[in-house]
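Remarks on the structure that follows.
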Amino acid sequence: MSHAALSAPEIPTLSPLKIGSPEHKQAFCRMLLDTFDAYKPAIIEWPKLEPDALQRITSLPFWDVAVQTEGYASIRVQRLADTLNDTLLKEAVALNAFEEARHKHVLEHMIKAYGITLKPEPEYKADQDAEWSFLRTGYGECLDSFFAFGLFELAKRSGFFPPALVDTFEPVIREEGRHILFFVNWVAWQSANKSLFDKIIFRGRCMAALLVNAIGRMDIAGDAASGGDNFVAAGGQNFTADFNVREFLELCLSEDARRMAPYDARLLRPRLIPTMIKFALNFIPKK
Ligand SMILES: [Fe+2]
Ligand SMILES: [Fe+2]
């Protein structure tokens, strides 16, 4: 398969994957496990920031949301891991949960280092329903990561984030890319292994999980309009003075493609959000 080898040179021989097959499961689990980065949040040296950079970073409105999102994600993903019998899948999902908890630790260390004050945190609880817990987190990450890819690049290009801070957060952003890649393949694998009736129920639950997340994020966006927290709207305007919605969405799309490119080319890619954004771009004037 020379064309596949070209797009993923680190994998020598690739035969096409049947979605739902044991080989498919093997490939998406191995993708996550083999690309693990063993960094330790406690030994990250937080770069000393110039007073204006420190002021910019500490006054960003989304640190509470970010810490809580990671707190819920680690509990909810671990909830699924606890119920699995398949050794490989369990190992991969548990790694995903570990990485979410580590993201929270990274943020906590940063918050301490830069003197950011947070609201009191809620008590993190997962739903009893393990599949729902994972679906909820997975679709939330698909939405957040797509925009985070663009925001991160924007903050980097505009100089809002000093280069040292960009380097520190790069592994976190990279991990979110691996998580959503893992998630969409897990959804497809899971669905392919269900009877027609169960498949319809499962797909219905997927849509519900996506909807719950979309509505939750619209609430946050509503808050932002009245001066509250928002990851995307507030972030984008903070990061660059001449924030342009169309350019930003195009940046999200190109960053999404770039971040998904290094992994096993046979795996499915998250497509729903990018497709919706491409469609939306038809209605957004070019300046
Ligand atoms: Fe995370
Ligand atoms: Fe994640």
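Chain labels A, B, ... are given in the sequence in which chains occur in the structure tokens; within each chain residues are numbered consecutively from 1, and ligands are likewise numbered from 1 in the order shown.
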(request) Go through the chains and note each residue within 6 Å of ligand 1, using only C-alpha atoms and all ligand atoms, then give the set as a list in words. (result)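 What falls inside 6 Å of ligand 1 is Glu70, Glu100, His103 and Glu176 of chain A.
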(request) Please give me, as an MDAnalysis selection string, the residues lying within 9 Å of ligand 2 when counting only C-alpha atoms and all ligand atoms. (result) chainID A and resid 70 73:74 96:97 99:100 103 137:138 141:142 145 172:173 175:180
Can you write just those residues out, C-alpha atoms, as a short mmCIF file (atom, residue, chain, number, x, y, z; two decimals), in the first residue's frame?
```
data_model
loop_
_atom_site.label_atom_id
_atom_site.label_comp_id
_atom_site.auth_asym_id
_atom_site.auth_seq_id
_atom_site.Cartn_x
_atom_site.Cartn_y
_atom_site.Cartn_z
CA GLU A 70 -10.53 18.29 32.81
CA ALA A 73 -13.31 14.33 31.84
CA SER A 74 -10.91 12.27 33.97
CA ASN A 96 -7.06 8.58 28.25
CA ALA A 97 -8.44 9.13 31.80
CA GLU A 99 -4.06 12.08 30.61
CA GLU A 100 -7.19 14.08 31.48
CA HIS A 103 -4.14 18.04 32.14
CA THR A 137 -16.89 13.65 27.39
CA GLY A 138 -15.96 12.50 23.90
CA GLU A 141 -13.81 17.13 23.48
CA CYS A 142 -14.60 16.99 19.76
CA SER A 145 -10.57 20.59 20.67
CA VAL A 172 -1.77 19.02 26.22
CA ILE A 173 -3.21 20.18 22.89
CA GLU A 175 -3.13 14.86 23.58
CA GLU A 176 -6.60 16.27 22.97
CA GLY A 177 -6.06 15.55 19.27
CA ARG A 178 -5.23 11.91 20.09
CA HIS A 179 -8.26 11.68 22.36
CA ILE A 180 -10.79 12.79 19.77
#
```
(request) Have a look at A:Leu84, A:Ala53, A:Leu154, A:Leu60 and name the one nearest to A:Asp242; count only C-alpha atoms. (result)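 Using only C-alpha atoms, A:Asp242 sits closest to A:Leu154.
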(request) Using only C-alpha atoms, determine which residues lie at most 12 Å from A:Lys156, disregarding the query and same-chain residues fewer than 3 positions distant; provide the list as a PyMOL selection string. (result) chain A and resi 148-153+159-170+236+239-240
(message) Considering only C-alpha atoms, can you say which of A:Arg259, A:Arg246, A:Arg56, A:Arg157 comes closest to A:Pro285?
(response) A:Arg246
(request) Name all residues at most 8 Å from A:Leu32 (count only C-alpha atoms; drop same-chain ones fewer than 2 positions away) and give them as a VMD selection string. (result) chain A and resid 28 to 30 34 to 36 92 96 178 to 179 182
Take the residues that were just selected and, keeping C-alpha atoms, output them as a PDB file, in the first residue's frame.
```pdb
ATOM      1  CA  PHE A  28      -7.003   2.878  17.465  1.00  0.00           C
ATOM      2  CA  CYS A  29      -5.876   1.554  20.847  1.00  0.00           C
ATOM      3  CA  ARG A  30      -2.264   1.290  19.692  1.00  0.00           C
ATOM      4  CA  ASP A  34       2.119   4.128  21.371  1.00  0.00           C
ATOM      5  CA  THR A  35       2.074   7.923  21.231  1.00  0.00           C
ATOM      6  CA  PHE A  36       2.004   8.400  25.026  1.00  0.00           C
ATOM      7  CA  ALA A  92      -6.211   2.651  26.275  1.00  0.00           C
ATOM      8  CA  ASN A  96      -7.061   8.579  28.253  1.00  0.00           C
ATOM      9  CA  ARG A 178      -5.234  11.914  20.087  1.00  0.00           C
ATOM     10  CA  HIS A 179      -8.259  11.678  22.363  1.00  0.00           C
ATOM     11  CA  PHE A 182      -9.476   7.625  19.613  1.00  0.00           C
TER      12      PHE A 182
END
```
(message) With only C-alpha atoms as the counted atoms, please give the residues lying no more than 12 Å from stretch 117-121 of chain A, apart from itself and same-chain residues fewer than 4 positions off, as a PyMOL selection string.
(response) chain A and resi 57-72+104+107-108+110-113+125+229
Export C-alpha atoms of the chosen residues as a tab-separated table (two decimals), in the first residue's frame?
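File produced: result.tsv:
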```tsv
chain	number	residue	atom	x	y	z
A	57	ILE	CA	-2.63	35.25	31.02
A	58	THR	CA	-4.02	35.59	34.53
A	59	SER	CA	-6.98	37.67	33.38
A	60	LEU	CA	-8.15	35.16	30.75
A	61	PRO	CA	-11.73	34.27	31.60
A	62	PHE	CA	-11.61	30.52	31.06
A	63	TRP	CA	-9.33	28.94	33.65
A	64	ASP	CA	-12.24	27.83	35.84
A	65	VAL	CA	-13.99	26.18	32.89
A	66	ALA	CA	-10.75	24.56	31.77
A	67	VAL	CA	-9.93	23.04	35.18
A	68	GLN	CA	-13.47	21.77	35.69
A	69	THR	CA	-13.68	20.33	32.16
A	70	GLU	CA	-10.53	18.29	32.81
A	71	GLY	CA	-11.80	17.26	36.26
A	72	TYR	CA	-15.05	15.91	34.84
A	104	LYS	CA	-5.84	19.15	35.33
A	107	LEU	CA	-3.39	23.65	34.90
A	108	GLU	CA	-3.24	23.50	38.70
A	110	MET	CA	0.26	26.80	36.23
A	111	ILE	CA	-2.45	28.48	38.28
A	112	LYS	CA	-0.25	28.23	41.35
A	113	ALA	CA	2.84	29.46	39.53
A	125	LYS	CA	-18.99	12.80	39.72
A	229	ASP	CA	-16.65	32.76	30.87
```
(message) Given only C-alpha atoms as the basis, pick out the residue of A:Lys286, A:Arg102, A:Arg269, A:Arg203 nearest to A:Ala38.
(response)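 Ranking A:Lys286, A:Arg102, A:Arg269, A:Arg203 by distance to A:Ala38, first place goes to A:Arg102.
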(message) Would you pick out the contacts of A:Arg79 at 12 Å or less, using only C-alpha atoms, so that residues sharing its chain but fewer than 2 positions from it are not included, and give the list as a PyMOL selection string?
(response) chain A and resi 72-77+81-84+90+93-94+96-98+124-137
How about saving the chosen residues, N, CA and C atoms kept, as a PDB file, in the first residue's frame?
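This is the output file out-v2.pdb:
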```
ATOM      1  N   TYR A  72     -13.936  16.784  35.236  1.00  0.00           N
ATOM      2  CA  TYR A  72     -15.048  15.908  34.842  1.00  0.00           C
ATOM      3  C   TYR A  72     -14.581  14.857  33.829  1.00  0.00           C
ATOM      4  N   ALA A  73     -13.754  15.271  32.882  1.00  0.00           N
ATOM      5  CA  ALA A  73     -13.313  14.329  31.839  1.00  0.00           C
ATOM      6  C   ALA A  73     -12.586  13.132  32.454  1.00  0.00           C
ATOM      7  N   SER A  74     -11.684  13.381  33.406  1.00  0.00           N
ATOM      8  CA  SER A  74     -10.907  12.269  33.966  1.00  0.00           C
ATOM      9  C   SER A  74     -11.828  11.279  34.680  1.00  0.00           C
ATOM     10  N   ILE A  75     -12.787  11.783  35.426  1.00  0.00           N
ATOM     11  CA  ILE A  75     -13.709  10.909  36.170  1.00  0.00           C
ATOM     12  C   ILE A  75     -14.606  10.127  35.204  1.00  0.00           C
ATOM     13  N   ARG A  76     -15.104  10.823  34.195  1.00  0.00           N
ATOM     14  CA  ARG A  76     -16.056  10.185  33.269  1.00  0.00           C
ATOM     15  C   ARG A  76     -15.375   9.152  32.379  1.00  0.00           C
ATOM     16  N   VAL A  77     -14.176   9.442  31.940  1.00  0.00           N
ATOM     17  CA  VAL A  77     -13.466   8.479  31.074  1.00  0.00           C
ATOM     18  C   VAL A  77     -13.049   7.261  31.906  1.00  0.00           C
ATOM     19  N   ALA A  81     -13.513   3.022  31.653  1.00  0.00           N
ATOM     20  CA  ALA A  81     -12.384   2.083  31.798  1.00  0.00           C
ATOM     21  C   ALA A  81     -12.704   1.027  32.859  1.00  0.00           C
ATOM     22  N   ASP A  82     -13.325   1.452  33.954  1.00  0.00           N
ATOM     23  CA  ASP A  82     -13.630   0.532  35.057  1.00  0.00           C
ATOM     24  C   ASP A  82     -14.572  -0.593  34.659  1.00  0.00           C
ATOM     25  N   THR A  83     -15.368  -0.360  33.618  1.00  0.00           N
ATOM     26  CA  THR A  83     -16.372  -1.369  33.254  1.00  0.00           C
ATOM     27  C   THR A  83     -15.892  -2.307  32.155  1.00  0.00           C
ATOM     28  N   LEU A  84     -14.730  -2.029  31.568  1.00  0.00           N
ATOM     29  CA  LEU A  84     -14.308  -2.804  30.391  1.00  0.00           C
ATOM     30  C   LEU A  84     -13.597  -4.104  30.777  1.00  0.00           C
ATOM     31  N   LYS A  90      -9.309  -1.450  27.667  1.00  0.00           N
ATOM     32  CA  LYS A  90      -9.287  -0.938  29.046  1.00  0.00           C
ATOM     33  C   LYS A  90      -8.015  -0.123  29.284  1.00  0.00           C
ATOM     34  N   VAL A  93      -8.340   3.239  27.338  1.00  0.00           N
ATOM     35  CA  VAL A  93      -9.301   4.187  27.936  1.00  0.00           C
ATOM     36  C   VAL A  93      -8.757   4.693  29.283  1.00  0.00           C
ATOM     37  N   ALA A  94      -8.101   3.808  30.031  1.00  0.00           N
ATOM     38  CA  ALA A  94      -7.516   4.233  31.307  1.00  0.00           C
ATOM     39  C   ALA A  94      -6.395   5.256  31.068  1.00  0.00           C
ATOM     40  N   ASN A  96      -6.334   7.352  28.581  1.00  0.00           N
ATOM     41  CA  ASN A  96      -7.061   8.579  28.253  1.00  0.00           C
ATOM     42  C   ASN A  96      -7.471   9.307  29.557  1.00  0.00           C
ATOM     43  N   ALA A  97      -8.014   8.538  30.520  1.00  0.00           N
ATOM     44  CA  ALA A  97      -8.436   9.133  31.796  1.00  0.00           C
ATOM     45  C   ALA A  97      -7.225   9.705  32.548  1.00  0.00           C
ATOM     46  N   PHE A  98      -6.119   8.965  32.533  1.00  0.00           N
ATOM     47  CA  PHE A  98      -4.894   9.430  33.194  1.00  0.00           C
ATOM     48  C   PHE A  98      -4.446  10.771  32.593  1.00  0.00           C
ATOM     49  N   TYR A 124     -16.565  16.369  41.621  1.00  0.00           N
ATOM     50  CA  TYR A 124     -16.649  15.712  40.313  1.00  0.00           C
ATOM     51  C   TYR A 124     -17.270  14.331  40.451  1.00  0.00           C
ATOM     52  N   LYS A 125     -18.336  14.105  39.686  1.00  0.00           N
ATOM     53  CA  LYS A 125     -18.988  12.800  39.723  1.00  0.00           C
ATOM     54  C   LYS A 125     -19.259  12.349  38.301  1.00  0.00           C
ATOM     55  N   ALA A 126     -19.117  11.057  38.050  1.00  0.00           N
ATOM     56  CA  ALA A 126     -19.458  10.533  36.725  1.00  0.00           C
ATOM     57  C   ALA A 126     -20.877   9.989  36.784  1.00  0.00           C
ATOM     58  N   ASP A 127     -21.527   9.925  35.609  1.00  0.00           N
ATOM     59  CA  ASP A 127     -22.841   9.278  35.569  1.00  0.00           C
ATOM     60  C   ASP A 127     -22.644   7.798  35.858  1.00  0.00           C
ATOM     61  N   GLN A 128     -23.668   7.170  36.411  1.00  0.00           N
ATOM     62  CA  GLN A 128     -23.604   5.725  36.631  1.00  0.00           C
ATOM     63  C   GLN A 128     -23.416   4.983  35.317  1.00  0.00           C
ATOM     64  N   ASP A 129     -24.051   5.524  34.285  1.00  0.00           N
ATOM     65  CA  ASP A 129     -24.019   4.923  32.953  1.00  0.00           C
ATOM     66  C   ASP A 129     -22.652   5.221  32.304  1.00  0.00           C
ATOM     67  N   ALA A 130     -21.800   4.207  32.277  1.00  0.00           N
ATOM     68  CA  ALA A 130     -20.412   4.410  31.832  1.00  0.00           C
ATOM     69  C   ALA A 130     -20.320   4.834  30.364  1.00  0.00           C
ATOM     70  N   GLU A 131     -21.167   4.221  29.535  1.00  0.00           N
ATOM     71  CA  GLU A 131     -21.129   4.559  28.105  1.00  0.00           C
ATOM     72  C   GLU A 131     -21.523   6.024  27.901  1.00  0.00           C
ATOM     73  N   TRP A 132     -22.554   6.438  28.615  1.00  0.00           N
ATOM     74  CA  TRP A 132     -23.013   7.829  28.511  1.00  0.00           C
ATOM     75  C   TRP A 132     -21.931   8.790  28.995  1.00  0.00           C
ATOM     76  N   SER A 133     -21.263   8.412  30.083  1.00  0.00           N
ATOM     77  CA  SER A 133     -20.163   9.228  30.619  1.00  0.00           C
ATOM     78  C   SER A 133     -19.112   9.488  29.545  1.00  0.00           C
ATOM     79  N   PHE A 134     -18.761   8.421  28.846  1.00  0.00           N
ATOM     80  CA  PHE A 134     -17.698   8.535  27.840  1.00  0.00           C
ATOM     81  C   PHE A 134     -18.187   9.316  26.619  1.00  0.00           C
ATOM     82  N   LEU A 135     -19.438   9.048  26.210  1.00  0.00           N
ATOM     83  CA  LEU A 135     -19.984   9.758  25.048  1.00  0.00           C
ATOM     84  C   LEU A 135     -20.044  11.257  25.327  1.00  0.00           C
ATOM     85  N   ARG A 136     -20.446  11.581  26.530  1.00  0.00           N
ATOM     86  CA  ARG A 136     -20.577  12.987  26.913  1.00  0.00           C
ATOM     87  C   ARG A 136     -19.226  13.698  26.848  1.00  0.00           C
ATOM     88  N   THR A 137     -18.230  13.059  27.422  1.00  0.00           N
ATOM     89  CA  THR A 137     -16.891  13.655  27.389  1.00  0.00           C
ATOM     90  C   THR A 137     -16.339  13.688  25.967  1.00  0.00           C
TER      91      THR A 137
END
```
(message) Considering only C-alpha atoms, can you say which of A:Cys206, A:Ser15, A:Glu123, A:Asn85 comes closest to A:Trp186?
(response) A:Cys206
(request) Just the residues within 12 Å of A:Pro22, please, counting only C-alpha atoms, with nothing from its chain fewer than 4 positions along; format it as a PyMOL selection string. (result) chain A and resi 17-18+26-30+86+88-89+186+189-190+192-193
Prev. selection, C-alpha atoms, output as an mmCIF file, in the first residue's frame:
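Saved to part_33.cif:
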```
data_model
loop_
_atom_site.group_PDB
_atom_site.id
_atom_site.type_symbol
_atom_site.label_atom_id
_atom_site.label_comp_id
_atom_site.auth_asym_id
_atom_site.auth_seq_id
_atom_site.Cartn_x
_atom_site.Cartn_y
_atom_site.Cartn_z
ATOM 1 C CA LEU A 17 -9.053 -1.583 8.161
ATOM 2 C CA LYS A 18 -12.555 -2.958 8.367
ATOM 3 C CA GLN A 26 -6.038 -2.806 17.769
ATOM 4 C CA ALA A 27 -5.122 0.169 15.538
ATOM 5 C CA PHE A 28 -7.003 2.878 17.465
ATOM 6 C CA CYS A 29 -5.876 1.554 20.847
ATOM 7 C CA ARG A 30 -2.264 1.290 19.692
ATOM 8 C CA ASP A 86 -11.156 -6.145 26.985
ATOM 9 C CA LEU A 88 -6.295 -3.548 25.345
ATOM 10 C CA LEU A 89 -9.334 -1.282 25.252
ATOM 11 C CA TRP A 186 -14.260 3.874 19.394
ATOM 12 C CA TRP A 189 -16.114 0.305 16.354
ATOM 13 C CA GLN A 190 -18.709 0.101 19.096
ATOM 14 C CA ALA A 192 -20.344 -1.691 14.110
ATOM 15 C CA ASN A 193 -20.407 -4.418 16.757
#
```
